[in-house]
Amino acid sequence: MLRFDWRWLVISSALAVAFAASAETRPQYGGTLRVATRAAPSSLDPADQVQPDSFARRSLTMLIFDTLVTTDDSGRVQASLAVSWQAAGNQRWQFRLRRGIKFHDGTPLTATIAAGSLSSANPSWKISADGDSVVIESDRADVELLAELALARNAITKRESDGKISGTGSFRIINWQPGKKLSLAADENCWRGRPFLDGIEIDMGLNFRDQMLALEAGKADLIEAAPEQSHRAALDGRHVASSLPIELLALVFTRDARSPDDKTLREALALSVERASIHSVLLQDVGQPTASVLPNWMSGYGFVFPADADLMRARHAREQVRIIPAWTVAYDAGDPLARLMTERIALNARDAGLTLVPNNTATTAAAADIRLVRIPLSSSDSWIALADVAAPLGAPVARNKGDSVEDLYAAEQALLATHRMIPLFHLPVSYVAERSLKNWTPRSDGSLSLSDAWLGTGKP
C-alpha cells in the first residue's frame, strides 16, 4: 500500500494559489469596459467651447486624442506628441513632433495639422508650422504655456470639412450618439502600444442615482459617485478612488454688484453660511469647507481665508442696508444634494435677515440672481485654474510673472473682491468600480486615466 505524502499536497496547493494570484495581477488583454457619466456632451471636439467643461469630458478626450505634452501628478512636464521643445525667453516656443504617428484614419501627424488644431482651440495665439516642429510665439513671456498645452482642450485633432474628427489616442471612435452613447475600440497601431481593453462603452447623461443602480444591476463597471455614495460603495466591497479636492462648489452671482449696499449684502450672505454643519451632515465630511477659490493643496494659503460662519457680523452688515431684496437661487434639478444644500443655505441666510428663494424651474433659473454651481478646476496649475474660474465672470487675472505665491494670493483676492462668487467647498471627484477593473486612477485634474486599465477574470 502506497503512503500519501501530504507535503506534496500542501506544496501543490500553495503553488496553485500563487499562480492564481499572479494571474490576477498580470495585465490581461480583452474585454469591454462599461462606463457611466453625468456629462452629456453633444460634441467630442476638444476645442468646442460651447460644451461645458467636466471631468468626464476630459477623460473622454484623453482616451481619443493626445496633447503635445503632458504633466504628471507632481506637475512635471512629460513628452507626448512632442518629443522635445525649446524656448527663447518664454516668448517663442518650438515643439518638435514625434515621428511615425498616425491619426486613427491613417493620416500621418504633421506640424501643419498640429498647428491648425491648436489655432482652432486658441484663436488669439500666434502658431505656425516649421518643418517637423510647431512654433508658438507671444508678445510677452508665458511661463504657463507648457501646463496650458497639457490640458485636454488643447489635444491635437484632425478635423474634416464634414465635421468628422480623428485623434491619435489609445482608442478610436466606432459609434457616437451625441449626448447619449459613445463606443470606442482599441487602436491596434497606437504609438504608445495597444491598450489592454478591446473597447469602452460610455453611457451619458445619467445622474448619480441612476449610475449607482446601473453598477448594482451589473450594467456598468465604472461610475461617478456623489460624496454620500462613496462610503456605502466601499462597504459593499467595491473599489472607490477619489482625487484631491479639485471641484469648487460655490454660489455665483449672475451679475456684478451694482452698489456698495449690494456688496455689503453679499458679504453678509457669505458670513451667514454654516459650512461646517453642511459639510458634516450633507457632505458626510467629504471635501473641505472653504472661502477660497483655490484649494489649499494647490495654493498653499487656502486656510488664510476664513470659512467659519459669523452670524453676528452677518446681521450687523445686513443692518447697514435699508432695502433688502429677495434673491432667487437656481441649482441643478438633477442633483438632490444641490437642492438640500440650497435649502440649507436659505435657512442660514434667513437667520441673518436675508431672503433666498430656491428655484430650479427653467424659466426662473434663467433669470436667477444666484446659482449654486459645481466648477471643475481646469488644472492643477494654480494660475491656470484661477484664470479659468475668473474668465466666465469677466474678471481678469494677472499673469504669472515667476511663480510668486504673493502674486497668486493677490490675484485671488482681487477676484474675490469683485463679490461675484462665494466659495463654499472644495470637493474631490469620486469614482466607484467593480473589483475586476485594474490599473485605473484619477488624474490630478480629476479626470480618469484608463488607457492602461484592464479587466480581470470574471468579466466579459
# chains A, B, ... in the order shown; residues from 1 in each chain; ligands from 1
>>> select_by_dssp(residues="range 233-296 of chain A", states="alpha helix (DSSP H)", output="list in words")
Ala233, Ala234, Leu235, Pro260, Asp261, Asp262, Lys263, Thr264, Leu265, Arg266, Glu267, Ala268, Leu269, Ala270, Leu271, Ser272, Arg275, Ala276, Ser277, Ile278, His279, Ser280, Val281 and Asn296 of chain A
>>> select_by_dssp(residues="range 126-230 of chain A", states="strand (DSSP E or B)", output="VMD selection string")
chain A and resid 126 to 130 133 to 137 156 158 to 159 165 to 166 171 to 177 181 to 186 199 to 203 222 to 225
>>> closest_atom_pairs(of="range 295-336 of chain A", to="range 420-440 of chain A", cutoff="12 Å", atoms="only C-alpha atoms", output="JSON lines")
{"residue": "A:Pro295", "atom": "CA", "partner": "A:His426", "partner_atom": "CA", "distance": 6.4}
{"residue": "A:Asn296", "atom": "CA", "partner": "A:His426", "partner_atom": "CA", "distance": 9.3}
{"residue": "A:Trp297", "atom": "CA", "partner": "A:His426", "partner_atom": "CA", "distance": 10.6}
{"residue": "A:Met298", "atom": "CA", "partner": "A:His426", "partner_atom": "CA", "distance": 11.3}
{"residue": "A:Gly302", "atom": "CA", "partner": "A:His426", "partner_atom": "CA", "distance": 10.5}
{"residue": "A:Phe305", "atom": "CA", "partner": "A:Pro423", "partner_atom": "CA", "distance": 10.2}
{"residue": "A:Pro306", "atom": "CA", "partner": "A:Pro423", "partner_atom": "CA", "distance": 10.9}
{"residue": "A:Ala307", "atom": "CA", "partner": "A:Leu424", "partner_atom": "CA", "distance": 7.9}
{"residue": "A:Asp308", "atom": "CA", "partner": "A:Leu424", "partner_atom": "CA", "distance": 10.4}
{"residue": "A:Ala309", "atom": "CA", "partner": "A:Leu424", "partner_atom": "CA", "distance": 11.1}
>>> closest_residue(among="A:Ala152, A:Ala214, A:Ala349, A:Leu206", to="Ser272 in chain A", atoms="only C-alpha atoms")
A:Ala349
>>> closest_residue(among="A:Val286, A:Ala36, A:Ala155, A:Ala391", to="Gln211 in chain A", atoms="only C-alpha atoms")
A:Ala36
>>> closest_residue(among="A:His239, A:Arg92, A:Arg153, A:Lys180", to="Ala40 in chain A", atoms="only C-alpha atoms")
A:Lys180
>>> closest_atom_pairs(of="range 365-387 of chain A", to="range 321-329 of chain A", cutoff="10 Å", atoms="only C-alpha atoms", output="CSV")
residue,atom,partner,partner_atom,distance
A:Ala365,CA,A:Val329,CA,7.5
A:Ala367,CA,A:Thr328,CA,8.4
A:Ala368,CA,A:Thr328,CA,5.2
A:Asp369,CA,A:Thr328,CA,5.3
A:Ile370,CA,A:Val329,CA,4.7
A:Arg371,CA,A:Val329,CA,5.4
A:Leu372,CA,A:Val329,CA,7.1
>>> write_last_selection(atoms="N, CA and C atoms", output="short mmCIF file (atom, residue, chain, number, x, y, z; two decimals), in the first residue's frame")
data_model
loop_
_atom_site.label_atom_id
_atom_site.label_comp_id
_atom_site.auth_asym_id
_atom_site.auth_seq_id
_atom_site.Cartn_x
_atom_site.Cartn_y
_atom_site.Cartn_z
N ALA A 365 -34.84 79.90 -13.36
CA ALA A 365 -33.40 79.68 -13.30
C ALA A 365 -32.66 80.58 -14.29
N ALA A 367 -33.35 83.53 -15.08
CA ALA A 367 -33.29 84.90 -14.59
C ALA A 367 -32.88 84.96 -13.12
N ALA A 368 -32.28 83.89 -12.61
CA ALA A 368 -31.92 83.82 -11.19
C ALA A 368 -30.86 84.85 -10.84
N ASP A 369 -30.87 85.26 -9.59
CA ASP A 369 -29.85 86.19 -9.10
C ASP A 369 -28.56 85.46 -8.73
N ILE A 370 -28.72 84.23 -8.25
CA ILE A 370 -27.57 83.44 -7.79
C ILE A 370 -27.73 82.02 -8.32
N ARG A 371 -26.61 81.37 -8.57
CA ARG A 371 -26.63 79.95 -8.94
C ARG A 371 -25.67 79.18 -8.04
N LEU A 372 -26.13 78.04 -7.58
CA LEU A 372 -25.24 77.11 -6.88
C LEU A 372 -24.62 76.23 -7.94
#
>>> closest_residue(among="A:His316, A:Arg58, A:Arg26, A:Arg140", to="Leu377 in chain A", atoms="only C-alpha atoms")
A:Arg58
>>> closest_residue(among="A:Arg443, A:Arg258, A:Arg76, A:His104", to="Asp187 in chain A", atoms="only C-alpha atoms")
A:His104
>>> residues_around(residues="Leu197 in chain A", least_positions_apart="6", cutoff="12 Å", atoms="only C-alpha atoms", output="count of residues only")
29
>>> closest_residue(among="A:Ala411, A:Val35, A:Ile200, A:Leu294", to="Ala220 in chain A", atoms="only C-alpha atoms")
A:Val35
